[in-house]
$ cat query21.cif   # mmCIF, C-alpha atoms
data_input
#
loop_
_atom_site.label_atom_id
_atom_site.label_comp_id
_atom_site.auth_asym_id
_atom_site.auth_seq_id
_atom_site.Cartn_x
_atom_site.Cartn_y
_atom_site.Cartn_z
CA MET U 1 58.97 9.29 -11.81
CA LEU U 2 55.59 8.39 -10.32
CA GLY U 3 54.86 11.97 -9.28
CA SER U 4 52.84 13.92 -11.79
CA GLY U 5 53.08 17.35 -10.23
CA MET U 6 49.42 17.15 -9.19
CA ASN U 7 48.45 18.31 -5.69
CA LEU U 8 45.73 16.32 -3.99
CA SER U 9 44.54 15.31 -0.57
CA LEU U 10 41.87 12.69 -0.14
CA PHE U 11 40.27 15.07 2.30
CA GLU U 12 40.15 18.26 0.25
CA ALA U 13 36.69 19.62 -0.37
CA GLU U 14 37.08 19.86 -4.15
CA SER U 15 36.61 16.44 -5.79
CA PRO U 16 39.53 14.58 -4.18
CA ARG U 17 38.38 11.18 -5.39
CA THR U 18 37.97 12.48 -8.91
CA ARG U 19 41.55 13.70 -9.05
CA LEU U 20 42.98 10.61 -7.40
CA GLY U 21 40.97 8.46 -9.78
CA ALA U 22 42.30 10.41 -12.75
CA ARG U 23 45.89 9.78 -11.65
CA LEU U 24 45.28 6.07 -11.14
CA ARG U 25 43.57 5.77 -14.52
CA GLU U 26 46.59 7.50 -16.05
CA LEU U 27 48.87 4.89 -14.51
CA ALA U 28 46.52 2.08 -15.55
CA GLY U 29 46.88 3.33 -19.10
CA GLU U 30 50.58 2.51 -18.72
CA GLY U 31 49.78 -0.95 -17.35
CA ILE U 32 50.20 -0.04 -13.66
CA PHE U 33 47.07 -1.04 -11.73
CA PHE U 34 46.69 0.13 -8.15
CA GLY U 35 44.07 -1.32 -5.84
CA THR U 36 43.33 -2.33 -2.28
CA SER U 37 42.98 -5.62 -0.44
CA SER U 38 39.19 -5.95 -0.17
CA TRP U 39 36.92 -2.92 -0.31
CA LYS U 40 34.03 -3.03 2.20
CA TYR U 41 35.41 -0.59 4.77
CA GLU U 42 33.03 1.83 6.46
CA GLY U 43 36.04 3.84 7.59
CA TRP U 44 36.37 5.03 3.99
CA LEU U 45 32.97 6.72 4.08
CA GLY U 46 33.46 10.41 3.42
CA SER U 47 36.72 9.89 1.53
CA ILE U 48 36.32 7.07 -1.00
CA TYR U 49 32.63 6.42 -0.42
CA SER U 50 29.68 8.84 -0.38
CA PRO U 51 27.51 8.14 2.70
CA GLU U 52 24.35 9.39 1.00
CA ARG U 53 24.56 6.60 -1.61
CA TYR U 54 23.96 4.02 1.11
CA SER U 55 21.12 5.68 2.96
CA VAL U 56 17.80 3.91 3.41
CA ARG U 57 14.98 5.92 4.94
CA GLY U 58 17.47 8.49 6.14
CA ARG U 59 19.84 6.06 7.82
CA PHE U 60 23.05 4.37 6.73
CA SER U 61 22.42 0.81 5.55
CA ARG U 62 25.34 -1.57 6.01
CA LYS U 63 23.58 -4.12 3.81
CA LYS U 64 23.21 -1.62 0.96
CA PHE U 65 26.80 -0.47 1.44
CA GLU U 66 28.29 -3.95 1.31
CA SER U 67 26.26 -4.99 -1.72
CA GLU U 68 26.75 -1.82 -3.77
CA CYS U 69 29.97 -0.05 -2.77
CA LEU U 70 32.19 -1.88 -5.29
CA ALA U 71 30.71 0.23 -8.09
CA GLU U 72 31.75 3.42 -6.29
CA TYR U 73 35.14 1.91 -5.44
CA ALA U 74 35.75 1.46 -9.18
CA GLU U 75 35.24 5.18 -9.73
CA THR U 76 38.62 5.69 -8.03
CA PHE U 77 40.58 2.44 -8.30
CA PRO U 78 41.25 0.38 -11.44
CA ALA U 79 41.89 -2.90 -9.60
CA VAL U 80 40.95 -4.77 -6.43
CA CYS U 81 42.15 -7.90 -4.66
CA GLY U 82 39.43 -10.27 -3.51
CA ASP U 83 40.76 -11.87 -0.35
CA PHE U 84 37.41 -13.54 0.43
CA THR U 85 38.10 -16.36 -2.04
CA PHE U 86 40.81 -17.71 0.25
CA TYR U 87 38.03 -19.12 2.42
CA GLN U 88 35.58 -20.47 -0.16
CA PHE U 89 34.93 -21.75 -3.67
CA PRO U 90 32.43 -19.22 -5.07
CA VAL U 91 29.70 -20.77 -7.18
CA ALA U 92 28.63 -19.46 -10.59
CA ASP U 93 25.83 -17.29 -9.17
CA SER U 94 28.24 -15.67 -6.70
CA TRP U 95 30.67 -14.81 -9.48
CA ALA U 96 27.83 -13.36 -11.56
CA ARG U 97 26.71 -11.10 -8.70
CA LEU U 98 30.24 -9.93 -8.00
CA PHE U 99 31.17 -9.08 -11.57
CA GLY U 100 27.71 -7.62 -12.19
CA SER U 101 28.23 -5.18 -9.32
CA ALA U 102 31.23 -3.44 -10.91
CA PRO U 103 32.07 -1.90 -14.29
CA ALA U 104 33.87 -4.08 -16.82
CA SER U 105 36.96 -1.88 -16.51
CA LEU U 106 37.71 -3.03 -12.94
CA GLN U 107 40.46 -5.65 -12.78
CA PHE U 108 40.23 -8.33 -10.09
CA ALA U 109 42.93 -10.39 -8.44
CA PHE U 110 41.77 -13.36 -6.39
CA LYS U 111 43.45 -15.50 -3.77
CA ALA U 112 43.09 -19.20 -4.49
CA PRO U 113 41.16 -21.09 -1.81
CA GLU U 114 43.21 -22.35 1.10
CA GLU U 115 42.08 -25.91 0.35
CA ILE U 116 44.81 -25.81 -2.30
CA THR U 117 47.60 -24.08 -0.38
CA VAL U 118 47.33 -25.35 3.22
CA SER U 119 49.27 -28.56 3.86
CA THR U 120 48.15 -29.09 7.47
CA TRP U 121 44.99 -27.50 8.82
CA PRO U 122 45.63 -25.00 11.62
CA THR U 123 44.39 -25.84 15.10
CA HIS U 124 41.95 -22.95 15.03
CA ALA U 125 38.33 -23.14 16.14
CA ARG U 126 36.95 -22.42 12.68
CA TYR U 127 38.60 -25.54 11.27
CA GLY U 128 36.80 -27.77 13.72
CA ALA U 129 37.69 -31.46 13.77
CA ARG U 130 40.11 -31.22 10.86
CA GLY U 131 42.42 -28.89 12.80
CA GLY U 132 45.89 -30.43 12.88
CA ALA U 133 45.07 -32.93 10.12
CA GLU U 134 46.86 -33.22 6.80
CA ASN U 135 45.02 -31.63 3.88
CA GLU U 136 44.42 -34.21 1.17
CA TRP U 137 43.84 -31.49 -1.42
CA PHE U 138 47.15 -29.68 -0.90
CA LEU U 139 48.60 -28.72 -4.31
CA LYS U 140 45.85 -30.53 -6.23
CA ALA U 141 45.53 -28.72 -9.56
CA GLU U 142 42.47 -30.75 -10.49
CA LEU U 143 40.45 -29.29 -7.61
CA LEU U 144 41.54 -25.74 -8.37
CA GLU U 145 40.56 -26.12 -12.01
CA ARG U 146 37.22 -27.83 -11.39
CA ALA U 147 35.92 -25.93 -8.38
CA PHE U 148 37.49 -22.49 -8.83
CA LEU U 149 38.70 -21.74 -12.34
CA ALA U 150 35.85 -23.33 -14.28
CA PRO U 151 33.12 -21.17 -12.68
CA LEU U 152 35.41 -18.13 -12.99
CA ALA U 153 36.27 -18.75 -16.65
CA PRO U 154 33.45 -16.58 -18.15
CA TYR U 155 35.14 -13.55 -16.54
CA ARG U 156 38.73 -14.43 -17.41
CA GLU U 157 39.40 -11.13 -19.21
CA ARG U 158 38.58 -9.24 -16.02
CA VAL U 159 40.94 -11.30 -13.84
CA ALA U 160 44.31 -9.64 -13.38
CA ALA U 161 45.99 -12.46 -11.47
CA LEU U 162 45.36 -15.54 -9.36
CA ILE U 163 47.38 -15.47 -6.16
CA LEU U 164 48.32 -18.69 -4.40
CA GLU U 165 49.17 -17.68 -0.86
CA PHE U 166 51.15 -20.21 1.15
CA GLY U 167 51.32 -19.64 4.88
CA ALA U 168 54.54 -20.23 6.78
CA PHE U 169 55.54 -23.88 6.65
CA PRO U 170 57.42 -25.61 9.48
CA ARG U 171 60.95 -26.67 8.60
CA GLN U 172 60.02 -30.33 8.79
CA LYS U 173 57.61 -29.79 5.87
CA PHE U 174 59.81 -27.67 3.60
CA GLY U 175 63.20 -26.73 4.95
CA SER U 176 64.28 -24.71 1.94
CA GLY U 177 63.18 -23.03 -1.24
CA THR U 178 64.56 -26.00 -3.15
CA ALA U 179 62.31 -28.45 -1.30
CA PHE U 180 59.28 -26.20 -1.79
CA ALA U 181 60.06 -25.76 -5.48
CA GLN U 182 60.25 -29.52 -6.00
CA ALA U 183 56.71 -29.89 -4.63
CA LEU U 184 55.44 -26.82 -6.47
CA GLU U 185 56.70 -27.63 -9.97
CA PRO U 186 54.35 -30.53 -10.83
CA PHE U 187 51.42 -28.52 -9.48
CA LEU U 188 52.26 -25.52 -11.65
CA ASP U 189 52.76 -27.75 -14.68
CA ALA U 190 49.26 -29.17 -14.22
CA LEU U 191 47.50 -25.81 -14.02
CA PRO U 192 45.41 -24.74 -17.03
CA LYS U 193 46.98 -22.15 -19.29
CA GLY U 194 45.59 -18.72 -19.98
CA TRP U 195 45.69 -17.27 -16.45
CA ARG U 196 48.28 -15.13 -14.69
CA TYR U 197 49.46 -17.09 -11.66
CA ALA U 198 51.39 -15.60 -8.77
CA ILE U 199 52.92 -17.33 -5.73
CA GLU U 200 53.08 -15.69 -2.31
CA VAL U 201 55.25 -17.31 0.36
CA ARG U 202 55.69 -16.52 4.04
CA ASN U 203 59.00 -18.36 4.57
CA PRO U 204 61.93 -15.99 4.01
CA GLU U 205 64.28 -18.94 3.53
CA PHE U 206 62.38 -19.84 0.35
CA LEU U 207 63.79 -16.79 -1.43
CA GLU U 208 66.60 -18.69 -3.12
CA PRO U 209 67.45 -19.55 -6.74
CA ALA U 210 65.60 -22.89 -6.96
CA TYR U 211 62.29 -21.26 -5.98
CA PHE U 212 62.72 -18.33 -8.33
CA ASP U 213 63.87 -20.61 -11.18
CA ALA U 214 60.78 -22.79 -10.81
CA LEU U 215 58.53 -19.75 -11.20
CA ARG U 216 60.52 -18.17 -14.01
CA ALA U 217 60.44 -21.33 -16.10
CA ARG U 218 56.64 -21.15 -16.07
CA ASN U 219 56.14 -17.36 -16.24
CA VAL U 220 54.63 -17.39 -12.73
CA ALA U 221 55.13 -14.24 -10.66
CA HIS U 222 56.68 -14.13 -7.22
CA VAL U 223 54.44 -11.90 -5.09
CA PHE U 224 56.49 -9.16 -3.48
CA ASN U 225 54.77 -9.06 -0.11
CA ALA U 226 55.19 -6.91 2.96
CA TRP U 227 54.43 -9.24 5.84
CA THR U 228 55.56 -9.66 9.41
CA ARG U 229 58.22 -12.37 8.84
CA MET U 230 59.25 -11.63 5.27
CA PRO U 231 62.10 -9.30 4.34
CA PRO U 232 60.81 -5.72 4.08
CA LEU U 233 59.38 -4.81 0.71
CA GLU U 234 62.27 -2.51 -0.17
CA VAL U 235 64.67 -5.43 0.44
CA GLN U 236 62.68 -7.85 -1.71
CA ALA U 237 62.55 -5.30 -4.50
CA ARG U 238 66.35 -5.46 -4.71
CA ILE U 239 66.43 -9.23 -5.34
CA GLU U 240 67.00 -9.42 -9.07
CA GLU U 241 66.08 -13.11 -9.26
CA ALA U 242 62.65 -12.38 -7.78
CA PHE U 243 61.37 -10.88 -11.02
CA THR U 244 60.16 -14.17 -12.45
CA ALA U 245 57.40 -13.25 -14.91
CA ASP U 246 56.50 -10.76 -17.61
CA PHE U 247 54.11 -9.12 -15.14
CA LEU U 248 54.46 -8.06 -11.52
CA VAL U 249 52.28 -8.55 -8.43
CA THR U 250 52.87 -6.98 -5.05
CA ARG U 251 50.84 -6.97 -1.85
CA ALA U 252 51.71 -4.49 0.89
CA LEU U 253 50.14 -6.12 3.93
CA LEU U 254 51.95 -5.49 7.22
CA ARG U 255 54.93 -3.73 8.70
CA HIS U 256 57.84 -6.12 9.22
CA GLY U 257 57.68 -7.64 12.70
CA ARG U 258 54.03 -6.73 13.42
CA ALA U 259 51.35 -9.38 13.90
CA TYR U 260 48.13 -9.09 11.91
CA ALA U 261 45.94 -8.91 15.02
CA ASP U 262 48.07 -6.09 16.42
CA ALA U 263 47.69 -4.11 13.20
CA VAL U 264 43.91 -4.56 13.27
CA LYS U 265 43.75 -3.36 16.87
CA LYS U 266 45.97 -0.36 16.13
CA PHE U 267 44.39 0.86 12.90
CA GLU U 268 40.67 0.03 12.84
CA PRO U 269 38.42 1.49 11.45
CA TYR U 270 41.04 2.54 8.88
CA ARG U 271 39.93 6.14 8.38
CA ALA U 272 43.39 7.64 7.85
CA VAL U 273 47.06 6.83 7.56
CA GLN U 274 48.34 6.60 11.14
CA GLU U 275 51.86 5.28 10.73
CA PRO U 276 53.63 6.05 7.43
CA ASN U 277 56.06 3.34 6.34
CA PRO U 278 58.73 5.03 4.22
CA GLY U 279 60.54 1.78 3.45
CA ALA U 280 57.45 0.02 2.13
CA ARG U 281 56.52 3.08 0.09
CA GLU U 282 59.98 3.19 -1.47
CA GLY U 283 59.77 -0.53 -2.20
CA LEU U 284 56.43 -0.10 -3.95
CA LYS U 285 57.75 2.83 -5.98
CA ALA U 286 60.83 0.85 -7.01
CA LEU U 287 58.71 -2.09 -8.15
CA VAL U 288 56.40 0.16 -10.14
CA GLU U 289 59.27 2.02 -11.77
CA ARG U 290 60.89 -1.23 -12.80
CA ALA U 291 57.66 -2.48 -14.36
CA ARG U 292 57.30 0.78 -16.27
CA SER U 293 60.89 0.64 -17.50
CA LYS U 294 60.34 -2.93 -18.72
CA HIS U 295 56.92 -2.07 -20.20
CA GLN U 296 55.35 -4.78 -18.05
CA MET U 297 51.99 -4.86 -16.32
CA ALA U 298 52.04 -4.39 -12.56
CA PHE U 299 49.26 -5.08 -10.07
CA VAL U 300 49.86 -3.23 -6.80
CA PHE U 301 47.61 -4.02 -3.86
CA VAL U 302 47.75 -2.24 -0.51
CA ASN U 303 46.17 -3.35 2.76
CA ASN U 304 44.76 -1.07 5.47
CA ARG U 305 46.96 -2.87 8.00
CA LEU U 306 50.17 -1.53 6.47
CA GLU U 307 49.75 2.11 7.53
CA GLY U 308 46.15 2.43 8.67
CA ASN U 309 44.45 3.49 5.43
CA ALA U 310 45.15 1.83 2.09
CA PRO U 311 43.81 4.69 -0.08
CA GLY U 312 46.12 7.12 1.70
CA THR U 313 49.12 4.86 1.14
CA ILE U 314 48.28 4.55 -2.55
CA GLN U 315 47.86 8.31 -2.78
CA ALA U 316 51.43 8.76 -1.51
CA VAL U 317 52.99 6.00 -3.61
CA ALA U 318 51.28 7.17 -6.79
CA GLY U 319 52.75 10.64 -6.36
CA VAL U 320 49.47 12.37 -5.51
CA GLU U 321 50.61 14.47 -2.58
CA ASP U 322 48.85 16.66 -0.06
#
$ encode --input "query21.cif" --output "structure tokens"
Amino acid sequence: MLGSGMNLSLFEAESPRTRLGARLRELAGEGIFFGTSSWKYEGWLGSIYSPERYSVRGRFSRKKFESECLAEYAETFPAVCGDFTFYQFPVADSWARLFGSAPASLQFAFKAPEEITVSTWPTHARYGARGGAENEWFLKAELLERAFLAPLAPYRERVAALILEFGAFPRQKFGSGTAFAQALEPFLDALPKGWRYAIEVRNPEFLEPAYFDALRARNVAHVFNAWTRMPPLEVQARIEEAFTADFLVTRALLRHGRAYADAVKKFEPYRAVQEPNPGAREGLKALVERARSKHQMAFVFVNNRLEGNAPGTIQAVAGVED
């Protein structure tokens, strides 16, 4: 079982981060890597982060915190998911700064830029004139390789997985998992080898044999994701066909039926767990136990918007109880 018999609260006075970190390093030694979605959260000051480390002339410096807190994050967590890459193609200097700010032991997962995974640009202000237009770079492996993977290649050993997140498609684009798989297969075949790829979908109707078969044939992981319109995590964990690779990736993002903006409004600034989600926790535990039983690597990422505080959720799932 995940529980180790250790008693710990993130808020105990006696080295809570040290003991949580020890448990997570123990699991990492078995190939189970826990981490959070992003890391620059001031709400974690006093629990995961030490406020005094980010003081400049006696006052908290947000600039210092955001540029340096990843090193302290890595003292507790063995992995992290970089969501920021969904919105940009980092250049070589950006990658160098990021990887230089953390110890070599920290494993990173990155979301592929949306230029690869969006078929039609949303009609949102930040997309400007291209809102509503077709994306000419949708599923173009050449762009992903040239603009994303090539600059990232020097750090390949520190990259746990590359996550291709596909937002919900309208039925007129892909009405089934079979239709999506037919478009996905040539893209996956064109990707360079040597990386762990994982596919995250937001259409529950895609969870059918053709989709899973396309991933399994290429050792690409289906991302078990807790999200508003997807089946709850504990339900996905019971789909035998969904285990498509020799490694596992899961992202616990939102409670089923809750919009992202509503979760942000309810939980910010993410200081503590506010709404435990027993089903999602059980789903995460089931996925981890399966990976352990199969001696496979698992990368488990938890978002603040699931329960209000990702470290607290991980504490519970990893068996480090109050």
$ closest_residue --input "query21.cif" --among "U:Phe224, U:Gly194, U:Val118, U:Thr178" --to "U:Tyr211" --atoms "only C-alpha atoms"
U:Thr178
$ closest_residue --input "query21.cif" --among "U:Ser94, U:Ser119, U:Ser47, U:Thr36" --to "U:Thr313" --atoms "all atoms listed in the file"
U:Thr36
$ residues_around --input "query21.cif" --residues "U:Tyr155" --least-positions-apart "6" --cutoff "9 Å" --atoms "all atoms listed in the file" --output "list in words"
Trp95, Ala96 and Phe99 of chain U
$ write_last_selection --input "query21.cif" --atoms "C-alpha atoms" --output "compact mmCIF listing (two decimals), in the frame of the given file"
# COMPACT_ATOMS: atom_id res chain seq x y z
CA TRP U 95 30.67 -14.81 -9.48
CA ALA U 96 27.83 -13.36 -11.56
CA PHE U 99 31.17 -9.08 -11.57
$ residues_near_point --input "query21.cif" --point "(67.2, -12.9, -6.4)" --cutoff "10 Å" --atoms "all atoms listed in the file" --output "ChimeraX atom specification"
/U:207-209,211-213,236-244
$ residues_around --input "query21.cif" --residues "U:Gly29" --least-positions-apart "5" --cutoff "10 Å" --atoms "only C-alpha atoms" --output "count of residues only"
3
$ residues_around --input "query21.cif" --residues "U:Ala153" --least-positions-apart "3" --cutoff "12 Å" --atoms "all atoms listed in the file" --output "PDB file with C-alpha atoms, keeping the file's coordinate frame"
ATOM      1  CA  VAL U  91      29.700 -20.770  -7.180  1.00  0.00           C
ATOM      2  CA  ALA U  92      28.630 -19.460 -10.590  1.00  0.00           C
ATOM      3  CA  TRP U  95      30.670 -14.810  -9.480  1.00  0.00           C
ATOM      4  CA  ALA U  96      27.830 -13.360 -11.560  1.00  0.00           C
ATOM      5  CA  GLU U 145      40.560 -26.120 -12.010  1.00  0.00           C
ATOM      6  CA  ARG U 146      37.220 -27.830 -11.390  1.00  0.00           C
ATOM      7  CA  ALA U 147      35.920 -25.930  -8.380  1.00  0.00           C
ATOM      8  CA  PHE U 148      37.490 -22.490  -8.830  1.00  0.00           C
ATOM      9  CA  LEU U 149      38.700 -21.740 -12.340  1.00  0.00           C
ATOM     10  CA  ALA U 150      35.850 -23.330 -14.280  1.00  0.00           C
ATOM     11  CA  ARG U 156      38.730 -14.430 -17.410  1.00  0.00           C
ATOM     12  CA  GLU U 157      39.400 -11.130 -19.210  1.00  0.00           C
ATOM     13  CA  ARG U 158      38.580  -9.240 -16.020  1.00  0.00           C
ATOM     14  CA  VAL U 159      40.940 -11.300 -13.840  1.00  0.00           C
ATOM     15  CA  PRO U 192      45.410 -24.740 -17.030  1.00  0.00           C
ATOM     16  CA  LYS U 193      46.980 -22.150 -19.290  1.00  0.00           C
ATOM     17  CA  GLY U 194      45.590 -18.720 -19.980  1.00  0.00           C
ATOM     18  CA  TRP U 195      45.690 -17.270 -16.450  1.00  0.00           C
TER      19      TRP U 195
END
$ atom_distance --input "query21.cif" --atom1 "atom CA of U:Ala104" --atom2 "atom CA of U:Leu143"
27.6 Å
$ closest_residue --input "query21.cif" --among "U:Phe206, U:Phe33, U:Trp44, U:Phe110" --to "U:Gly312" --atoms "all atoms listed in the file"
U:Trp44
$ atom_distance --input "query21.cif" --atom1 "atom CA of U:Gly167" --atom2 "atom CA of U:Val201"
6.4 Å
$ residues_near_point --input "query21.cif" --point "(51.7, -25.1, -8.4)" --cutoff "9 Å" --atoms "all atoms listed in the file" --output "VMD selection string"
chain U and resid 139 to 141 164 181 183 to 191 197 199
$ resolve_selection --input "query21.cif" --expression "the PyMOL selection byres ((chain U and resi 256-265) around 9)" --output "PDB file with C-alpha atoms, keeping the file's coordinate frame"
ATOM      1  CA  ALA U 226      55.190  -6.910   2.960  1.00  0.00           C
ATOM      2  CA  TRP U 227      54.430  -9.240   5.840  1.00  0.00           C
ATOM      3  CA  THR U 228      55.560  -9.660   9.410  1.00  0.00           C
ATOM      4  CA  ARG U 229      58.220 -12.370   8.840  1.00  0.00           C
ATOM      5  CA  MET U 230      59.250 -11.630   5.270  1.00  0.00           C
ATOM      6  CA  PRO U 231      62.100  -9.300   4.340  1.00  0.00           C
ATOM      7  CA  PRO U 232      60.810  -5.720   4.080  1.00  0.00           C
ATOM      8  CA  LEU U 233      59.380  -4.810   0.710  1.00  0.00           C
ATOM      9  CA  LEU U 253      50.140  -6.120   3.930  1.00  0.00           C
ATOM     10  CA  LEU U 254      51.950  -5.490   7.220  1.00  0.00           C
ATOM     11  CA  ARG U 255      54.930  -3.730   8.700  1.00  0.00           C
ATOM     12  CA  LYS U 266      45.970  -0.360  16.130  1.00  0.00           C
ATOM     13  CA  PHE U 267      44.390   0.860  12.900  1.00  0.00           C
ATOM     14  CA  GLU U 268      40.670   0.030  12.840  1.00  0.00           C
ATOM     15  CA  PRO U 269      38.420   1.490  11.450  1.00  0.00           C
ATOM     16  CA  TYR U 270      41.040   2.540   8.880  1.00  0.00           C
ATOM     17  CA  ASN U 304      44.760  -1.070   5.470  1.00  0.00           C
ATOM     18  CA  ARG U 305      46.960  -2.870   8.000  1.00  0.00           C
ATOM     19  CA  LEU U 306      50.170  -1.530   6.470  1.00  0.00           C
ATOM     20  CA  GLU U 307      49.750   2.110   7.530  1.00  0.00           C
ATOM     21  CA  GLY U 308      46.150   2.430   8.670  1.00  0.00           C
TER      22      GLY U 308
END
